[in-house]
$ cat start02.txt   # compact mmCIF, C-alpha atoms
# COMPACT_ATOMS: atom_id res chain seq x y z
CA MET A 1 82.28 132.85 133.37
CA THR A 2 78.71 133.78 132.40
CA THR A 3 75.64 131.58 132.64
CA THR A 4 75.60 131.32 128.85
CA ASP A 5 79.25 130.18 128.74
CA THR A 6 78.57 127.54 131.40
CA LEU A 7 75.56 126.27 129.48
CA LYS A 8 77.50 126.07 126.22
CA ASP A 9 80.41 124.26 127.90
CA ARG A 10 78.07 121.65 129.33
CA LEU A 11 76.38 121.14 125.97
CA ARG A 12 79.74 120.80 124.21
CA ALA A 13 80.59 118.13 126.74
CA ALA A 14 77.53 116.28 125.44
CA ASP A 15 75.48 116.38 128.62
CA PRO A 16 72.45 114.42 127.32
CA ALA A 17 70.22 115.21 130.27
CA LEU A 18 70.79 118.96 129.92
CA ALA A 19 70.30 118.82 126.15
CA ALA A 20 67.00 116.96 126.49
CA GLU A 21 65.75 119.33 129.17
CA LEU A 22 66.74 122.43 127.24
CA LEU A 23 65.26 121.14 123.97
CA HIS A 24 61.96 120.36 125.69
CA SER A 25 61.83 123.76 127.38
CA LYS A 26 62.68 125.76 124.27
CA THR A 27 60.40 123.83 121.94
CA SER A 28 57.53 124.16 124.41
CA HIS A 29 58.00 127.93 124.38
CA LEU A 30 58.28 127.90 120.58
CA VAL A 31 54.99 126.02 120.26
CA ASP A 32 53.35 128.67 122.44
CA VAL A 33 54.38 131.54 120.14
CA MET A 34 54.36 129.82 116.75
CA ILE A 35 51.31 129.31 114.56
CA PRO A 36 50.84 125.54 114.12
CA ARG A 37 52.24 124.09 110.94
CA ARG A 38 49.94 122.51 108.39
CA GLU A 39 50.41 119.79 105.81
CA LEU A 40 51.74 121.00 102.47
CA SER A 41 51.06 119.56 99.02
CA ASP A 42 54.10 117.23 99.24
CA GLY A 43 53.08 115.89 102.66
CA SER A 44 55.67 117.86 104.65
CA LEU A 45 54.80 120.44 107.31
CA GLY A 46 55.00 124.20 107.03
CA PHE A 47 52.92 127.18 106.00
CA LYS A 48 50.97 128.41 103.02
CA ALA A 49 50.99 132.17 102.66
CA ARG A 50 50.25 135.06 100.35
CA VAL A 51 53.53 136.84 99.60
CA ARG A 52 54.05 140.34 98.22
CA THR A 53 57.47 141.12 96.73
CA THR A 54 58.84 144.45 95.57
CA ILE A 55 61.94 144.38 93.36
CA THR A 56 64.03 147.00 91.63
CA LEU A 57 65.38 145.94 88.23
CA LYS A 58 68.04 147.91 86.35
CA PHE A 59 69.14 147.15 82.80
CA GLY A 60 72.70 145.95 82.27
CA GLY A 61 75.37 144.62 84.56
CA ASP A 62 76.37 147.95 86.13
CA ALA A 63 73.95 149.12 88.81
CA SER A 64 75.56 152.57 88.82
CA ALA A 65 75.16 153.11 85.07
CA ASP A 66 72.62 155.53 83.64
CA THR A 67 70.25 152.83 82.36
CA PRO A 68 66.49 152.33 82.76
CA GLU A 69 65.24 150.86 86.01
CA GLU A 70 61.90 150.06 87.57
CA VAL A 71 60.33 149.09 90.87
CA ILE A 72 57.86 146.23 90.29
CA THR A 73 55.47 144.72 92.83
CA LEU A 74 54.57 141.07 92.39
CA VAL A 75 52.17 138.85 94.35
CA ALA A 76 52.27 135.11 94.97
CA GLU A 77 48.76 134.15 96.05
CA GLU A 78 49.84 130.85 97.64
CA SER A 79 53.46 130.17 98.48
CA GLU A 80 54.48 127.03 100.37
CA ILE A 81 57.27 127.18 102.96
CA ARG A 82 58.45 123.95 104.56
CA LEU A 83 59.55 124.26 108.20
CA HIS A 84 61.50 121.34 109.64
CA ASP A 85 61.35 120.19 113.25
CA PRO A 86 63.68 122.21 115.51
CA VAL A 87 67.05 120.83 116.57
CA LEU A 88 69.35 121.83 119.43
CA THR A 89 72.87 122.94 118.48
CA LEU A 90 75.99 122.35 120.59
CA ASP A 91 75.86 126.02 121.63
CA GLY A 92 72.39 125.58 123.08
CA ALA A 93 70.59 127.41 120.29
CA LEU A 94 67.35 126.13 118.84
CA ARG A 95 67.79 125.86 115.08
CA LEU A 96 64.98 125.80 112.55
CA ASP A 97 65.59 125.04 108.88
CA LEU A 98 63.16 126.03 106.17
CA GLU A 99 62.76 125.72 102.41
CA THR A 100 60.59 127.63 99.99
CA ILE A 101 58.84 124.82 98.12
CA THR A 102 56.68 126.93 95.83
CA TYR A 103 56.63 130.65 95.10
CA ASP A 104 55.03 131.92 91.90
CA ALA A 105 54.59 135.71 91.87
CA VAL A 106 53.21 137.84 89.05
CA GLY A 107 53.38 141.59 88.44
CA THR A 108 53.07 144.07 85.58
CA SER A 109 55.89 146.24 84.28
CA GLU A 110 55.17 149.91 83.64
CA VAL A 111 58.61 151.22 82.68
CA LEU A 112 60.96 148.55 81.33
CA TRP A 113 58.30 146.59 79.42
CA PRO A 114 55.11 148.69 79.64
CA GLY A 115 52.03 146.55 80.13
CA GLU A 116 53.98 143.26 80.02
CA ARG A 117 53.80 140.62 82.73
CA VAL A 118 56.82 139.69 84.85
CA ARG A 119 56.80 136.41 86.74
CA LEU A 120 59.15 135.28 89.53
CA ARG A 121 59.44 131.58 90.36
CA VAL A 122 61.21 129.91 93.29
CA GLY A 123 61.21 126.37 94.61
CA ARG A 124 61.67 122.74 93.67
CA GLY A 125 57.91 122.23 94.02
CA LEU A 126 57.52 124.22 90.79
CA ASP A 127 60.52 122.72 89.02
CA PRO A 128 62.59 119.85 90.47
CA MET A 129 65.57 121.07 88.42
CA MET A 130 65.52 124.53 90.01
CA ARG A 131 68.20 125.21 92.62
CA PRO A 132 66.63 124.95 96.09
CA THR A 133 66.02 127.96 98.31
CA PHE A 134 66.96 127.20 101.91
CA GLY A 135 66.84 129.29 105.05
CA ARG A 136 67.41 129.03 108.76
CA LEU A 137 67.17 130.79 112.08
CA GLU A 138 68.83 130.06 115.40
CA ILE A 139 67.29 131.10 118.71
CA ASP A 140 70.03 131.75 121.28
CA PRO A 141 69.59 130.14 124.74
CA LEU A 142 68.90 133.45 126.46
CA VAL A 143 66.69 134.97 123.77
CA ASN A 144 63.04 135.42 124.69
CA PHE A 145 61.64 134.56 121.29
CA GLY A 146 58.38 136.33 120.57
CA THR A 147 59.74 139.49 122.17
CA ASP A 148 63.39 139.59 121.13
CA PRO A 149 64.00 139.60 117.34
CA VAL A 150 65.88 136.67 115.82
CA ARG A 151 67.62 136.93 112.45
CA SER A 152 66.48 134.52 109.78
CA VAL A 153 68.49 134.23 106.57
CA GLN A 154 67.48 132.69 103.25
CA GLU A 155 69.56 132.05 100.14
CA VAL A 156 67.15 132.52 97.25
CA TYR A 157 67.48 131.23 93.70
CA VAL A 158 64.92 132.75 91.35
CA GLU A 159 63.83 132.43 87.76
CA ALA A 160 62.30 135.57 86.25
CA ASP A 161 60.11 135.25 83.17
CA THR A 162 60.37 138.55 81.26
CA PRO A 163 59.84 139.75 77.67
CA LEU A 164 63.62 139.20 77.27
CA GLY A 165 63.29 135.54 78.19
CA THR A 166 63.83 133.64 81.43
CA LEU A 167 66.50 135.17 83.65
CA HIS A 168 68.15 133.58 86.67
CA ASN A 169 70.74 134.35 89.35
CA ARG A 170 73.92 132.29 89.59
CA LEU A 171 74.78 133.40 93.12
CA PRO A 172 72.07 133.31 95.77
CA ALA A 173 70.13 136.40 96.68
CA VAL A 174 70.74 136.58 100.43
CA MET A 175 67.59 137.73 102.21
CA HIS A 176 67.31 138.45 105.93
CA CYS A 177 64.54 139.22 108.38
CA ASP A 178 64.74 140.09 112.09
CA LEU A 179 61.57 138.29 113.04
CA THR A 180 59.59 137.91 116.24
CA SER A 181 57.05 135.37 115.03
CA ILE A 182 56.83 132.21 112.93
CA PRO A 183 55.71 132.62 110.25
CA PRO A 184 56.79 136.29 110.10
CA ILE A 185 53.55 137.82 108.87
CA GLY A 186 54.13 141.50 108.09
CA GLN A 187 57.88 141.25 108.77
CA PRO A 188 59.72 141.54 105.43
CA TYR A 189 62.82 139.75 104.24
CA VAL A 190 65.25 142.26 102.69
CA GLN A 191 67.93 141.53 100.09
CA GLN A 192 71.57 142.11 100.99
CA GLY A 193 73.58 143.69 98.18
CA GLN A 194 72.83 143.43 94.47
CA VAL A 195 72.09 140.35 92.41
CA ALA A 196 72.93 139.85 88.72
CA LEU A 197 70.32 138.16 86.52
CA TYR A 198 71.60 136.13 83.55
CA ASP A 199 69.90 135.02 80.37
CA ALA A 200 70.12 131.58 78.75
CA ASP A 201 73.32 132.62 76.94
CA GLY A 202 75.08 133.49 80.20
CA GLN A 203 74.92 137.24 79.69
CA VAL A 204 73.98 139.64 82.49
CA VAL A 205 70.75 141.27 81.33
CA CYS A 206 69.87 143.29 84.41
CA MET A 207 70.60 143.74 88.09
CA LYS A 208 68.15 143.09 90.88
CA THR A 209 69.33 145.95 93.03
CA THR A 210 66.78 145.68 95.83
CA THR A 211 64.18 143.17 96.94
CA GLU A 212 61.72 143.18 99.82
CA SER A 213 59.46 140.17 100.30
CA GLU A 214 56.71 139.98 102.89
CA LEU A 215 54.18 137.36 103.95
CA THR A 216 50.91 139.29 104.11
CA ALA A 217 48.49 136.54 105.17
CA LEU A 218 48.24 132.80 105.74
CA VAL A 219 46.28 130.73 103.23
CA ASP A 220 43.98 127.89 104.33

$ encode --input "start02.txt" --output "structure tokens"
Amino acid sequence: MTTTDTLKDRLRAADPALAAELLHSKTSHLVDVMIPRRELSDGSLGFKARVRTTITLKFGGDASADTPEEVITLVAEESEIRLHDPVLTLDGALRLDLETITYDAVGTSEVLWPGERVRLRVGRGLDPMMRPTFGRLEIDPLVNFGTDPVRSVQEVYVEADTPLGTLHNRLPAVMHCDLTSIPPIGQPYVQQGQVALYDADGQVVCMKTTTESELTALVD
């Protein structure tokens, strides 16, 4: 039996002394490598950051069809990301949950709608009726966070204001990042698979075939 198996068995047996010791040790290390959180507009703690997003949009519901497509870069000058206090799982991992509270990015189309503005919006801080965008990461007991990459995954719900109206995704856009710092400045989240965007009538207008979103700088 490995050291990791022994540790997990003891945690599953609800050894409170071990759990408290491990949580203190891991959170102390996390504090050493994480930029301190700051208060957000809703009073919670997290980060404010400038975010650059590059998306590929393709007309219609068939990404393989011979229809117009475009790569558009959009910038959110101040996005708010809530980061909850870490918790220790029964497997000894340190789990951090996050939520994108506000993300409002603007770019200009050059191919699909030449010269027209495209706007992406995410987060209940912009619209309480919008589906929330949650994420998480879990730091394994033997991972040396700050050196070893840890996968963070977010499930993103977006509203896209376009000349064709406001489009939205019904299924989450799953984004992942193998990060070594919190927040992951310069370490992009990348979309898995393709995401259909629907109009108000429930019709698929276009596909978001790729997305790459990167925090470029913290905002005071």

$ residues_near_point --input "start02.txt" --point "(68.0, 131.5, 116.5)" --cutoff "6 Å" --atoms "all atoms listed in the file" --output "short mmCIF file (atom, residue, chain, number, x, y, z; two decimals) with C-alpha atoms, keeping the file's coordinate frame"
data_model
loop_
_atom_site.label_atom_id
_atom_site.label_comp_id
_atom_site.auth_asym_id
_atom_site.auth_seq_id
_atom_site.Cartn_x
_atom_site.Cartn_y
_atom_site.Cartn_z
CA LEU A 94 67.35 126.13 118.84
CA ARG A 95 67.79 125.86 115.08
CA LEU A 137 67.17 130.79 112.08
CA GLU A 138 68.83 130.06 115.40
CA ILE A 139 67.29 131.10 118.71
CA ASP A 140 70.03 131.75 121.28
CA VAL A 150 65.88 136.67 115.82
#

$ atom_distance --input "start02.txt" --atom1 "atom CA of A:Pro163" --atom2 "atom CA of A:Trp113"
7.2 Å

$ closest_residue --input "start02.txt" --among "A:Val122, A:Gly193, A:Glu155, A:Asp148" --to "A:His168" --atoms "all atoms listed in the file"
A:Val122

$ residues_near_point --input "start02.txt" --point "(52.4, 131.2, 117.9)" --cutoff "9 Å" --atoms "all atoms listed in the file" --output "ChimeraX atom specification"
/A:30-36,146,181-183

$ closest_residue --input "start02.txt" --among "A:Glu99, A:Asp161, A:Glu69, A:Asp85" --to "A:Arg121" --atoms "all atoms listed in the file"
A:Asp161

$ closest_atom_pairs --input "start02.txt" --of "stretch 126-203 of chain A" --to "stretch 100-111 of chain A" --cutoff "7 Å" --atoms "all atoms listed in the file" --output "Markdown table"
| residue | atom | partner | partner_atom | distance |
| --- | --- | --- | --- | --- |
| A:Leu126 | CA | A:Thr102 | CA | 5.8 |
| A:Thr133 | CA | A:Thr100 | CA | 5.7 |
| A:Phe134 | CA | A:Thr100 | CA | 6.7 |

$ write_last_selection --input "start02.txt" --atoms "C-alpha atoms" --output "mmCIF file, in the frame of the given file"
data_model
loop_
_atom_site.group_PDB
_atom_site.id
_atom_site.type_symbol
_atom_site.label_atom_id
_atom_site.label_comp_id
_atom_site.auth_asym_id
_atom_site.auth_seq_id
_atom_site.Cartn_x
_atom_site.Cartn_y
_atom_site.Cartn_z
ATOM 1 C CA LEU A 126 57.520 124.220 90.790
ATOM 2 C CA THR A 133 66.020 127.960 98.310
ATOM 3 C CA PHE A 134 66.960 127.200 101.910
#

$ residues_around --input "start02.txt" --residues "A:Leu197" --least-positions-apart "3" --cutoff "8 Å" --atoms "all atoms listed in the file" --output "PyMOL selection string"
chain A and resi 167-170+204-208

$ residues_around --input "start02.txt" --residues "stretch 40-56 of chain A" --least-positions-apart "3" --cutoff "7 Å" --atoms "all atoms listed in the file" --output "PyMOL selection string"
chain A and resi 37+69-83+208-219

$ atom_distance --input "start02.txt" --atom1 "atom CA of A:Gly123" --atom2 "atom CA of A:Thr166"
15.3 Å

$ atom_distance --input "start02.txt" --atom1 "atom CA of A:Arg38" --atom2 "atom CA of A:Leu142"
28.4 Å

$ closest_residue --input "start02.txt" --among "A:Arg136, A:Val153, A:Thr147, A:Ala173" --to "A:Val87" --atoms "all atoms listed in the file"
A:Arg136
